[in-house]
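Chemist: File data.csv follows (CSV, C-alpha atoms):
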```
chain,number,residue,atom,x,y,z
A,1,MET,CA,73.4,69.8,114.9
A,2,PRO,CA,72.8,73.6,114.6
A,3,ILE,CA,74.2,76.0,117.1
A,4,PRO,CA,71.8,76.0,120.1
A,5,ILE,CA,70.3,79.5,120.0
A,6,LYS,CA,68.9,79.5,123.5
A,7,ASP,CA,72.1,78.5,125.2
A,8,THR,CA,74.3,80.7,123.1
A,9,LEU,CA,72.2,83.8,123.8
A,10,GLY,CA,72.0,82.7,127.4
A,11,MET,CA,75.7,82.8,127.7
A,12,LEU,CA,75.8,86.3,126.2
A,13,GLY,CA,73.1,87.5,128.5
A,14,ASP,CA,74.7,85.9,131.6
A,15,ASN,CA,78.0,87.7,130.7
A,16,LEU,CA,76.2,91.1,130.3
A,17,ARG,CA,74.6,90.7,133.8
A,18,LYS,CA,77.6,89.4,135.6
A,19,ARG,CA,80.6,90.9,133.7
A,20,GLY,CA,79.2,94.1,132.0
A,21,SER,CA,79.6,92.9,128.4
A,22,VAL,CA,78.3,90.0,126.2
A,23,MET,CA,82.0,89.3,125.4
A,24,PRO,CA,84.0,90.9,128.2
A,25,VAL,CA,87.2,92.6,127.3
A,26,SER,CA,89.6,93.7,130.1
A,27,ARG,CA,89.8,97.3,130.9
A,28,ARG,CA,93.5,97.3,129.9
A,29,LYS,CA,92.7,95.9,126.5
A,30,ALA,CA,89.6,98.0,126.0
A,31,THR,CA,91.5,101.3,126.6
A,32,ALA,CA,94.9,100.3,125.0
A,33,TRP,CA,94.1,102.2,121.8
A,34,ALA,CA,94.2,105.6,123.7
A,35,ARG,CA,97.7,105.1,125.2
A,36,GLY,CA,99.9,108.0,124.3
A,37,LEU,CA,97.2,110.2,123.0
A,38,GLU,CA,96.9,112.1,126.3
A,39,LEU,CA,93.1,112.5,126.0
A,40,PRO,CA,91.4,114.3,128.9
A,41,ARG,CA,89.8,111.8,131.3
A,42,GLU,CA,86.4,113.5,131.1
A,43,GLY,CA,84.6,116.6,130.0
A,44,PRO,CA,81.1,117.7,128.9
A,45,THR,CA,81.8,116.1,125.5
A,46,VAL,CA,83.4,112.6,125.3
A,47,LEU,CA,84.4,110.2,122.6
A,48,TYR,CA,82.4,107.0,123.3
A,49,THR,CA,83.5,103.8,121.7
A,50,GLY,CA,80.9,101.5,123.3
A,51,GLN,CA,83.7,98.9,122.9
A,52,MET,CA,82.5,97.8,119.5
A,53,TYR,CA,85.8,98.1,117.7
A,54,GLN,CA,87.5,96.4,120.6
A,55,LEU,CA,85.1,93.5,120.5
A,56,VAL,CA,85.4,92.6,116.8
A,57,PRO,CA,88.6,90.5,117.1
A,58,ALA,CA,86.8,88.5,119.9
A,59,ILE,CA,83.7,88.2,117.8
A,60,ASN,CA,85.7,87.0,114.8
A,61,ALA,CA,87.4,84.3,117.0
A,62,MET,CA,84.1,83.2,118.5
A,63,THR,CA,82.4,83.1,115.0
A,64,GLU,CA,85.3,80.9,113.7
A,65,ARG,CA,84.9,78.4,116.5
A,66,LEU,CA,81.2,78.3,116.3
A,67,ALA,CA,81.3,77.8,112.5
A,68,LYS,CA,83.4,74.6,113.2
A,69,MET,CA,80.8,73.4,115.7
A,70,GLU,CA,77.8,74.1,113.5
A,71,GLY,CA,76.5,70.8,112.4
A,72,SER,CA,78.8,68.8,114.7
A,73,TRP,CA,78.2,66.8,117.9
A,74,MET,CA,80.0,69.5,119.9
A,75,ALA,CA,76.9,71.8,119.6
A,76,GLY,CA,75.1,69.4,121.9
A,77,TYR,CA,77.3,70.5,124.9
A,78,PHE,CA,76.3,74.2,124.9
A,79,GLY,CA,73.9,73.7,127.8
A,80,LEU,CA,76.8,72.4,129.9
A,81,ALA,CA,79.0,75.2,128.6
A,82,ARG,CA,76.4,77.8,129.7
A,83,ARG,CA,76.3,76.4,133.3
A,84,ILE,CA,80.1,76.5,133.5
A,85,ASN,CA,80.2,80.0,132.0
A,86,ARG,CA,78.2,81.3,134.9
A,87,LEU,CA,81.2,80.4,137.1
A,88,VAL,CA,84.1,80.9,134.7
A,89,ASN,CA,84.1,83.2,131.7
A,90,LEU,CA,84.3,80.6,128.9
A,91,VAL,CA,83.9,83.3,126.2
A,92,SER,CA,87.3,84.6,127.1
A,93,VAL,CA,88.7,81.3,126.0
A,94,MET,CA,86.5,80.7,122.9
A,95,ALA,CA,86.9,84.4,121.8
A,96,ARG,CA,90.6,85.1,122.1
A,97,GLY,CA,91.3,87.6,119.4
A,98,ASP,CA,94.3,87.6,117.1
A,99,PRO,CA,96.9,90.1,118.4
A,100,GLU,CA,97.6,91.6,115.0
A,101,GLU,CA,93.8,92.1,114.4
A,102,ILE,CA,93.5,93.7,117.9
A,103,ARG,CA,96.2,96.2,117.0
A,104,GLU,CA,94.4,97.0,113.7
A,105,TYR,CA,91.1,97.8,115.3
A,106,ASP,CA,92.8,99.8,118.0
A,107,ALA,CA,94.4,101.8,115.2
A,108,TYR,CA,91.0,102.6,113.7
A,109,LEU,CA,90.0,104.2,117.0
A,110,ARG,CA,93.3,106.2,117.1
A,111,ASN,CA,92.5,107.4,113.6
A,112,ILE,CA,89.1,108.6,114.8
A,113,ALA,CA,90.5,110.4,117.8
A,114,SER,CA,93.3,112.0,115.7
A,115,LEU,CA,90.8,113.2,113.1
A,116,LEU,CA,88.8,114.9,115.7
A,117,GLN,CA,91.9,116.5,117.2
A,118,ALA,CA,93.1,117.7,113.9
A,119,ALA,CA,89.7,119.3,113.3
A,120,GLY,CA,89.9,121.2,116.6
A,121,VAL,CA,87.1,119.3,118.3
A,122,PRO,CA,87.3,119.4,122.1
A,123,PHE,CA,86.5,116.1,123.7
A,124,GLY,CA,87.5,113.7,126.5
A,125,TYR,CA,87.6,110.0,127.0
A,126,LEU,CA,86.3,108.1,130.0
A,127,TYR,CA,88.9,105.3,129.8
A,128,GLU,CA,87.8,102.5,132.1
A,129,ASP,CA,84.3,104.0,132.3
A,130,ASP,CA,83.9,103.9,128.5
A,131,LEU,CA,81.5,100.9,129.0
A,132,TYR,CA,80.1,98.5,126.5
A,133,ALA,CA,76.9,100.0,125.1
A,134,GLY,CA,75.0,96.8,124.7
A,135,ALA,CA,74.6,96.7,121.0
A,136,LEU,CA,74.8,92.9,120.5
A,137,ALA,CA,72.5,92.3,123.4
A,138,TYR,CA,69.9,94.6,121.7
A,139,ASP,CA,70.4,92.9,118.3
A,140,GLU,CA,69.9,89.5,119.8
A,141,GLY,CA,66.8,90.5,121.8
A,142,LEU,CA,68.3,90.3,125.3
A,143,ASP,CA,65.9,93.0,126.5
A,144,ASP,CA,65.8,92.3,130.2
A,145,ALA,CA,69.5,92.3,130.6
A,146,LEU,CA,69.9,95.3,128.3
A,147,LYS,CA,67.6,97.5,130.3
A,148,ASP,CA,69.5,97.2,133.5
A,149,HIS,CA,72.8,97.6,131.7
A,150,ALA,CA,71.7,100.7,129.9
A,151,GLN,CA,70.8,102.3,133.1
A,152,ARG,CA,74.2,101.5,134.6
A,153,VAL,CA,75.9,103.1,131.5
A,154,TYR,CA,73.8,106.2,131.7
A,155,ARG,CA,74.5,106.6,135.5
A,156,ARG,CA,78.2,106.4,134.8
A,157,LEU,CA,78.0,109.1,132.1
A,158,MET,CA,76.0,111.4,134.4
A,159,GLU,CA,78.6,110.9,137.2
A,160,HIS,CA,81.2,112.3,134.9
A,161,GLY,CA,79.1,115.3,133.9
A,162,VAL,CA,78.8,114.2,130.3
A,163,ARG,CA,76.3,116.2,128.2
A,164,GLU,CA,77.3,115.2,124.6
A,165,VAL,CA,78.7,112.0,123.2
A,166,ILE,CA,80.6,111.5,120.0
A,167,THR,CA,80.2,107.9,118.8
A,168,VAL,CA,82.4,105.9,116.5
A,169,ASP,CA,80.2,103.3,115.0
A,170,PRO,CA,76.5,102.8,113.9
A,171,HIS,CA,75.6,100.3,116.5
A,172,THR,CA,76.7,102.4,119.5
A,173,THR,CA,75.1,105.5,117.8
A,174,GLU,CA,71.7,103.7,117.6
A,175,MET,CA,72.0,102.5,121.2
A,176,LEU,CA,72.7,106.0,122.7
A,177,ARG,CA,70.5,108.0,120.2
A,178,ASP,CA,67.5,105.8,119.8
A,179,VAL,CA,67.4,102.8,122.2
A,180,TYR,CA,68.5,104.3,125.5
A,181,PRO,CA,65.9,107.2,125.4
A,182,ARG,CA,63.2,104.5,125.3
A,183,ILE,CA,64.4,102.4,128.2
A,184,VAL,CA,66.3,104.8,130.5
A,185,PRO,CA,64.1,107.2,132.5
A,186,GLY,CA,65.1,110.8,132.2
A,187,TYR,CA,67.7,110.2,129.5
A,188,ASP,CA,69.1,113.4,128.2
A,189,LEU,CA,72.3,113.3,126.0
A,190,LYS,CA,73.2,114.8,122.7
A,191,VAL,CA,74.6,112.1,120.5
A,192,ARG,CA,76.5,112.5,117.2
A,193,THR,CA,78.8,110.3,115.2
A,194,TYR,CA,82.3,111.4,114.5
A,195,LEU,CA,81.4,111.5,110.8
A,196,GLU,CA,78.6,114.0,111.5
A,197,VAL,CA,81.0,116.1,113.6
A,198,LEU,CA,83.7,116.1,111.0
A,199,ALA,CA,81.3,116.9,108.2
A,200,GLU,CA,80.0,119.9,110.2
A,201,ARG,CA,83.5,121.1,110.9
A,202,ARG,CA,84.6,120.8,107.2
A,203,PRO,CA,88.3,120.4,108.0
A,204,ALA,CA,90.7,121.1,105.2
A,205,PRO,CA,92.4,118.0,103.8
A,206,ARG,CA,96.2,117.8,104.0
A,207,ALA,CA,96.5,115.4,101.1
A,208,GLN,CA,94.7,114.3,98.0
A,209,LEU,CA,94.6,110.5,97.8
A,210,ASN,CA,93.6,110.2,94.2
A,211,GLU,CA,92.0,106.8,94.7
A,212,GLN,CA,88.7,105.2,93.7
A,213,VAL,CA,86.6,103.1,96.1
A,214,THR,CA,83.1,101.8,96.5
A,215,ILE,CA,81.2,102.1,99.8
A,216,HIS,CA,79.3,99.6,101.8
A,217,ASP,CA,76.7,101.5,103.7
A,218,SER,CA,75.8,100.3,107.2
A,219,CYS,CA,72.1,99.4,107.4
A,220,ILE,CA,71.8,101.2,110.7
A,221,TYR,CA,73.6,104.4,109.5
A,222,ALA,CA,71.7,104.5,106.2
A,223,ARG,CA,68.2,103.5,107.2
A,224,ARG,CA,67.9,104.7,110.7
A,225,GLU,CA,70.5,107.3,111.5
A,226,GLY,CA,70.7,109.4,108.3
A,227,VAL,CA,74.5,109.0,107.9
A,228,ILE,CA,74.9,108.6,104.2
A,229,ALA,CA,76.2,111.9,102.7
A,230,GLN,CA,78.8,112.7,105.4
A,231,PRO,CA,81.3,110.0,104.8
A,232,ARG,CA,81.1,110.5,101.0
A,233,GLU,CA,81.6,114.3,101.3
A,234,LEU,CA,84.7,113.7,103.6
A,235,LEU,CA,86.2,111.1,101.3
A,236,GLN,CA,85.6,113.2,98.1
A,237,ARG,CA,87.2,116.3,99.6
A,238,GLY,CA,90.2,114.1,100.4
A,239,GLY,CA,90.6,113.1,96.8
A,240,VAL,CA,88.7,109.8,96.9
A,241,SER,CA,86.2,109.2,94.1
A,242,ILE,CA,83.3,106.8,94.8
A,243,ALA,CA,82.0,104.2,92.4
A,244,GLU,CA,78.5,103.7,93.8
A,245,VAL,CA,77.1,100.2,93.8
A,246,GLU,CA,73.4,99.9,92.9
A,247,LEU,CA,72.3,98.8,96.3
A,248,SER,CA,73.7,101.7,98.3
A,249,GLY,CA,72.4,104.3,100.7
A,250,LYS,CA,69.0,103.4,102.1
A,251,ALA,CA,68.8,100.5,99.7
A,252,THR,CA,72.1,99.0,101.0
A,253,HIS,CA,72.5,95.2,101.2
A,254,CYS,CA,73.1,93.4,104.5
A,255,CYS,CA,76.7,92.4,105.4
A,256,GLY,CA,75.6,89.2,107.0
A,257,GLY,CA,75.4,90.5,110.6
A,258,PRO,CA,74.4,90.3,113.4
A,259,ILE,CA,73.7,86.6,112.9
A,260,GLU,CA,77.3,85.5,112.4
A,261,MET,CA,77.5,83.8,115.8
A,262,LEU,CA,74.2,82.0,115.6
A,263,PHE,CA,74.1,81.1,111.9
A,264,PRO,CA,77.7,81.3,110.7
A,265,GLN,CA,77.2,79.6,107.3
A,266,ARG,CA,74.1,81.7,106.4
A,267,SER,CA,75.9,84.8,107.5
A,268,ASN,CA,78.8,84.0,105.1
A,269,GLU,CA,76.4,83.4,102.2
A,270,ILE,CA,74.9,86.9,102.7
A,271,ALA,CA,78.3,88.5,103.1
A,272,ARG,CA,79.7,86.7,100.0
A,273,LYS,CA,76.8,88.0,97.9
A,274,ARG,CA,77.5,91.6,99.1
A,275,VAL,CA,81.2,91.4,98.4
A,276,ASP,CA,80.4,90.3,94.9
A,277,GLN,CA,78.1,93.3,94.4
A,278,LEU,CA,80.8,95.7,95.7
A,279,ARG,CA,83.7,94.1,93.7
A,280,ALA,CA,81.7,94.6,90.5
A,281,ARG,CA,82.3,98.4,91.1
A,282,SER,CA,85.8,98.4,92.7
A,283,ASP,CA,88.2,96.0,94.4
A,284,LYS,CA,88.7,98.8,97.1
A,285,ILE,CA,85.8,98.7,99.5
A,286,VAL,CA,85.2,101.1,102.3
A,287,THR,CA,83.1,100.2,105.4
A,288,LEU,CA,81.6,102.4,108.0
A,289,CYS,CA,81.0,99.8,110.7
A,290,PRO,CA,83.4,97.4,112.4
A,291,LEU,CA,81.0,94.5,112.2
A,292,CYS,CA,80.4,95.1,108.5
A,293,LEU,CA,84.2,95.2,108.0
A,294,ALA,CA,84.6,91.8,109.8
A,295,ASN,CA,81.8,90.1,108.0
A,296,LEU,CA,82.8,91.2,104.5
A,297,ARG,CA,86.5,90.4,105.1
A,298,ARG,CA,85.7,86.9,106.3
A,299,VAL,CA,84.6,85.9,102.8
A,300,ALA,CA,86.6,88.4,100.6
A,301,PRO,CA,88.6,86.8,97.8
A,302,ALA,CA,92.3,87.5,97.4
A,303,GLY,CA,93.3,90.9,96.1
A,304,THR,CA,90.3,92.7,97.7
A,305,GLU,CA,91.0,95.7,99.8
A,306,ILE,CA,88.5,96.3,102.6
A,307,THR,CA,89.1,98.9,105.2
A,308,ASP,CA,87.4,101.2,107.6
A,309,VAL,CA,86.6,104.7,106.4
A,310,SER,CA,88.8,106.1,109.1
A,311,GLY,CA,91.9,104.7,107.4
A,312,TYR,CA,91.3,106.8,104.3
A,313,LEU,CA,90.2,109.9,106.2
A,314,ALA,CA,93.3,109.7,108.5
A,315,ARG,CA,95.6,109.7,105.4
A,316,ALA,CA,93.8,112.6,103.9
A,317,TYR,CA,93.2,114.9,106.9
A,318,CYS,CA,95.8,114.1,109.6
A,319,PRO,CA,99.2,115.7,109.1
A,320,VAL,CA,101.2,112.8,110.6
A,321,LEU,CA,98.9,109.9,109.8
A,322,SER,CA,98.7,110.9,106.2
A,323,ALA,CA,102.4,110.0,105.8
A,324,SER,CA,102.3,106.7,107.8
A,325,ALA,CA,98.9,105.1,107.5
A,326,ARG,CA,98.3,102.5,104.9
A,327,VAL,CA,95.5,100.4,103.5
A,328,SER,CA,96.2,96.7,103.7
A,329,THR,CA,95.3,94.2,101.0
A,330,VAL,CA,92.8,91.7,102.5
A,331,HIS,CA,93.0,88.2,101.3
A,332,GLY,CA,90.3,85.6,101.4
A,333,PRO,CA,90.2,82.5,103.7
A,334,GLU,CA,93.4,81.0,102.1
A,335,GLY,CA,95.3,84.3,102.3
A,336,ALA,CA,97.2,86.2,104.9
A,337,THR,CA,95.9,87.9,108.0
A,338,PRO,CA,95.1,91.6,107.4
A,339,ALA,CA,97.8,94.0,108.5
A,340,ALA,CA,97.2,97.0,110.6
A,341,VAL,CA,95.7,99.9,108.6
A,342,ALA,CA,96.9,102.8,110.6
A,343,ALA,CA,99.8,103.3,112.8
A,344,GLU,CA,101.3,104.6,116.0
A,345,ALA,CA,101.3,108.2,114.9
A,346,THR,CA,99.0,110.8,116.5
A,347,SER,CA,98.1,114.3,115.3
```
What's the structure tokens form of this structure?
Modeler:
Amino acid sequence: MPIPIKDTLGMLGDNLRKRGSVMPVSRRKATAWARGLELPREGPTVLYTGQMYQLVPAINAMTERLAKMEGSWMAGYFGLARRINRLVNLVSVMARGDPEEIREYDAYLRNIASLLQAAGVPFGYLYEDDLYAGALAYDEGLDDALKDHAQRVYRRLMEHGVREVITVDPHTTEMLRDVYPRIVPGYDLKVRTYLEVLAERRPAPRAQLNEQVTIHDSCIYARREGVIAQPRELLQRGGVSIAEVELSGKATHCCGGPIEMLFPQRSNEIARKRVDQLRARSDKIVTLCPLCLANLRRVAPAGTEITDVSGYLARAYCPVLSASARVSTVHGPEGATPAAVAAEATS
């Protein structure tokens, strides 16, 4: 029996209305990445995570469990599960992320903050008010729940006097730059990705990495947000040469998302095809999106290195991280769990 789409989406929508996220993460876990960085608690410009990196370990855990249910008798109980979830958050049980993976994705956010600090960019962070932006709700068509949520997010930003937002991933960028202006009355925020901010600043690299990689472009960044040249320029200035795959830039191939929770097998088929395309150019693959990273890693064969672009940039541009950050070798389904890419250092 296939995964019941209506009940699965219903659980996500119920969570967004009742708990502020399709897959709620506690405030302590959502903000753990910023501990020790001493970021100002607010300001006219803030780094906004939209909780995407924080959610990926939970999404991975949920996807793994749903993949086991796909085609089995257990899928027939999703209606009951949804009714129970309205009272008790079942997703927190089904989507309990791996602690090592959580530390890794937190490290990517530390990389990004450290890169901005090293480039002299003034910014704050809203900590517990850095709310989930609603990207997965938008991707899955949960329009009614999303509209109310977006208005709550915008009100919170206005309460803190925010005028400009620096985003960390393509999905949150699209939400705050393109979707919110259509559904939030009076919306008025300047939104840029950290890659755009860094490319404009042109910081001097502190190390030359002398490595070759290939890039998997995010569909959203490349086709809708115009973020193609910036990561390439930053990597190349840091001594990273790029072996371009044929389907790159605006012609990029899908990573298999965002259908991984509804159609796990089909998502893996798409991701596997993309990994094969990328590995034909290099066994070192750079991603620009946490969901792309997760989907490609899920099917990557042994010996393939797949890491977030911030891991390379931190080693090239951050004085401390350049000595301690490392790219992990990512093994396929029969291999080891990925190790953390970047570390506890700050700029």
Chemist: Would you mind listing what lies within 10 Å of A:Thr252 as a count of residues only, with all atoms listed in the file counted and same-chain residues fewer than 6 positions away left out?
Modeler: 11
Chemist: Can you write out as CSV which residues of stretch 89-133 of chain A fall within 10 Å of stretch 34-39 of chain A, alongside each residue's closest atom pair and its distance in Å to one decimal, counting only C-alpha atoms and ordering rows by chain and ascending residue number?
Modeler:
```
residue,atom,partner,partner_atom,distance
A:Asp106,CA,A:Ala34,CA,8.3
A:Ala107,CA,A:Ala34,CA,9.3
A:Leu109,CA,A:Ala34,CA,8.0
A:Arg110,CA,A:Ala34,CA,6.7
A:Ala113,CA,A:Ala34,CA,8.5
A:Ser114,CA,A:Leu37,CA,8.5
A:Gln117,CA,A:Leu39,CA,9.7
A:Pro122,CA,A:Leu39,CA,9.8
A:Phe123,CA,A:Leu39,CA,7.9
A:Gly124,CA,A:Leu39,CA,5.7
A:Tyr125,CA,A:Leu39,CA,6.1
A:Leu126,CA,A:Leu39,CA,9.0
A:Tyr127,CA,A:Ala34,CA,8.1
```
Chemist: So that I can check the surroundings of stretch 207-213 of chain A, please list as a PyMOL selection string every protein, DNA and RNA residue that reaches within 9 Å of it, counting all atoms listed in the file and ignoring chain neighbours fewer than 2 positions away.
Modeler: chain A and resi 205+215+237-244+281-286+312+315-319+322
Chemist: Could you name the residues that touch stretch 23-33 of chain A at 9 Å or less, counting only C-alpha atoms, but leaving out those on the same chain fewer than 4 positions away, as a list in words?
Modeler: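 Counting only the stated atoms, we get Leu12, Asn15, Leu16, Arg19, Leu37, Gln51, Gln54, Leu55, Ala58, Ile59, Asn89, Val91, Ser92, Ala95, Ile102, Arg103, Tyr105, Asp106, Ala107, Tyr108, Leu109, Arg110, Tyr127, Glu128, Asp129, Asp130 and Tyr132 of chain A.
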Chemist: Taking all atoms listed in the file into account, which of A:Pro181, A:Ile166, A:Val56, A:Gly97 comes nearest A:Lys147?
Modeler: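 Ranked by minimum distance to A:Lys147, first place goes to A:Pro181.
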Chemist: Pick from A:Leu262, A:Asn268, A:Arg156, A:Ala314: nearest to A:Leu234, with all atoms listed in the file counted?
Modeler: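 Closest to A:Leu234 of all the choices is A:Ala314.
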Chemist: For a test of reading the model, state the distance in Å between atom CA of A:Met158 and atom CA of A:Arg17, rounded to one decimal.
Modeler: 20.8 Å
Chemist: Between atom CA of A:Asp143 and atom CA of A:Gly13, what is the distance in Å, rounded to a tenth?
Modeler: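 Going from atom CA of A:Asp143 over to atom CA of A:Gly13 covers 9.3 Å.
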Chemist: Compare A:Thr172, A:Asn295, A:Thr287, A:Thr214 by their minimum atom-to-atom distance to A:Pro264, counting only C-alpha atoms, and give me the closest one.
Modeler: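 Of the candidates, the smallest distance to A:Pro264 is held by A:Asn295.
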Chemist: Would you fill the gaps in stretch 264-283 of chain A so it has N, CA, C and O atoms, then print it as a PDB file, keeping the file's coordinate frame?
Modeler:
```pdb
ATOM      1  N   PRO A 264      76.519  80.907 111.367  1.00  0.00           N
ATOM      2  CA  PRO A 264      77.700  81.300 110.700  1.00  0.00           C
ATOM      3  C   PRO A 264      77.692  81.048 109.153  1.00  0.00           C
ATOM      4  O   PRO A 264      78.124  81.901 108.366  1.00  0.00           O
ATOM      5  N   GLN A 265      77.186  79.908 108.734  1.00  0.00           N
ATOM      6  CA  GLN A 265      77.200  79.600 107.300  1.00  0.00           C
ATOM      7  C   GLN A 265      76.233  80.531 106.539  1.00  0.00           C
ATOM      8  O   GLN A 265      76.583  81.023 105.466  1.00  0.00           O
ATOM      9  N   ARG A 266      75.055  80.774 107.095  1.00  0.00           N
ATOM     10  CA  ARG A 266      74.100  81.700 106.400  1.00  0.00           C
ATOM     11  C   ARG A 266      74.675  83.088 106.379  1.00  0.00           C
ATOM     12  O   ARG A 266      74.534  83.791 105.369  1.00  0.00           O
ATOM     13  N   SER A 267      75.320  83.522 107.451  1.00  0.00           N
ATOM     14  CA  SER A 267      75.900  84.800 107.500  1.00  0.00           C
ATOM     15  C   SER A 267      76.970  84.985 106.367  1.00  0.00           C
ATOM     16  O   SER A 267      77.022  85.996 105.661  1.00  0.00           O
ATOM     17  N   ASN A 268      77.791  83.950 106.186  1.00  0.00           N
ATOM     18  CA  ASN A 268      78.800  84.000 105.100  1.00  0.00           C
ATOM     19  C   ASN A 268      78.192  84.041 103.748  1.00  0.00           C
ATOM     20  O   ASN A 268      78.722  84.708 102.849  1.00  0.00           O
ATOM     21  N   GLU A 269      77.087  83.351 103.544  1.00  0.00           N
ATOM     22  CA  GLU A 269      76.400  83.400 102.200  1.00  0.00           C
ATOM     23  C   GLU A 269      75.956  84.803 101.909  1.00  0.00           C
ATOM     24  O   GLU A 269      76.123  85.284 100.782  1.00  0.00           O
ATOM     25  N   ILE A 270      75.374  85.481 102.895  1.00  0.00           N
ATOM     26  CA  ILE A 270      74.900  86.900 102.700  1.00  0.00           C
ATOM     27  C   ILE A 270      76.076  87.786 102.427  1.00  0.00           C
ATOM     28  O   ILE A 270      76.049  88.627 101.522  1.00  0.00           O
ATOM     29  N   ALA A 271      77.134  87.642 103.230  1.00  0.00           N
ATOM     30  CA  ALA A 271      78.300  88.500 103.100  1.00  0.00           C
ATOM     31  C   ALA A 271      78.969  88.279 101.710  1.00  0.00           C
ATOM     32  O   ALA A 271      79.414  89.233 101.059  1.00  0.00           O
ATOM     33  N   ARG A 272      79.033  87.037 101.270  1.00  0.00           N
ATOM     34  CA  ARG A 272      79.700  86.700 100.000  1.00  0.00           C
ATOM     35  C   ARG A 272      78.894  87.412  98.839  1.00  0.00           C
ATOM     36  O   ARG A 272      79.498  87.946  97.896  1.00  0.00           O
ATOM     37  N   LYS A 273      77.578  87.386  98.924  1.00  0.00           N
ATOM     38  CA  LYS A 273      76.800  88.000  97.900  1.00  0.00           C
ATOM     39  C   LYS A 273      77.044  89.548  97.883  1.00  0.00           C
ATOM     40  O   LYS A 273      77.164  90.161  96.806  1.00  0.00           O
ATOM     41  N   ARG A 274      77.179  90.139  99.067  1.00  0.00           N
ATOM     42  CA  ARG A 274      77.500  91.600  99.100  1.00  0.00           C
ATOM     43  C   ARG A 274      78.835  91.907  98.596  1.00  0.00           C
ATOM     44  O   ARG A 274      79.009  92.903  97.871  1.00  0.00           O
ATOM     45  N   VAL A 275      79.829  91.102  98.917  1.00  0.00           N
ATOM     46  CA  VAL A 275      81.200  91.400  98.400  1.00  0.00           C
ATOM     47  C   VAL A 275      81.173  91.294  96.879  1.00  0.00           C
ATOM     48  O   VAL A 275      81.810  92.128  96.211  1.00  0.00           O
ATOM     49  N   ASP A 276      80.457  90.352  96.318  1.00  0.00           N
ATOM     50  CA  ASP A 276      80.400  90.300  94.900  1.00  0.00           C
ATOM     51  C   ASP A 276      79.773  91.529  94.251  1.00  0.00           C
ATOM     52  O   ASP A 276      80.248  92.026  93.214  1.00  0.00           O
ATOM     53  N   GLN A 277      78.730  92.060  94.895  1.00  0.00           N
ATOM     54  CA  GLN A 277      78.100  93.300  94.400  1.00  0.00           C
ATOM     55  C   GLN A 277      79.108  94.450  94.445  1.00  0.00           C
ATOM     56  O   GLN A 277      79.213  95.235  93.488  1.00  0.00           O
ATOM     57  N   LEU A 278      79.850  94.562  95.527  1.00  0.00           N
ATOM     58  CA  LEU A 278      80.800  95.700  95.700  1.00  0.00           C
ATOM     59  C   LEU A 278      81.978  95.541  94.763  1.00  0.00           C
ATOM     60  O   LEU A 278      82.412  96.524  94.155  1.00  0.00           O
ATOM     61  N   ARG A 279      82.501  94.336  94.597  1.00  0.00           N
ATOM     62  CA  ARG A 279      83.700  94.100  93.700  1.00  0.00           C
ATOM     63  C   ARG A 279      83.352  94.374  92.268  1.00  0.00           C
ATOM     64  O   ARG A 279      84.264  94.632  91.470  1.00  0.00           O
ATOM     65  N   ALA A 280      82.078  94.316  91.927  1.00  0.00           N
ATOM     66  CA  ALA A 280      81.700  94.600  90.500  1.00  0.00           C
ATOM     67  C   ALA A 280      81.951  96.093  90.221  1.00  0.00           C
ATOM     68  O   ALA A 280      82.070  96.466  89.048  1.00  0.00           O
ATOM     69  N   ARG A 281      82.062  96.926  91.250  1.00  0.00           N
ATOM     70  CA  ARG A 281      82.300  98.400  91.100  1.00  0.00           C
ATOM     71  C   ARG A 281      83.774  98.722  91.363  1.00  0.00           C
ATOM     72  O   ARG A 281      84.351  99.586  90.711  1.00  0.00           O
ATOM     73  N   SER A 282      84.364  98.095  92.355  1.00  0.00           N
ATOM     74  CA  SER A 282      85.800  98.400  92.700  1.00  0.00           C
ATOM     75  C   SER A 282      86.284  97.297  93.615  1.00  0.00           C
ATOM     76  O   SER A 282      85.528  96.728  94.420  1.00  0.00           O
ATOM     77  N   ASP A 283      87.581  96.995  93.511  1.00  0.00           N
ATOM     78  CA  ASP A 283      88.200  96.000  94.400  1.00  0.00           C
ATOM     79  C   ASP A 283      88.710  96.716  95.688  1.00  0.00           C
ATOM     80  O   ASP A 283      89.346  96.088  96.524  1.00  0.00           O
TER      81      ASP A 283
END
```
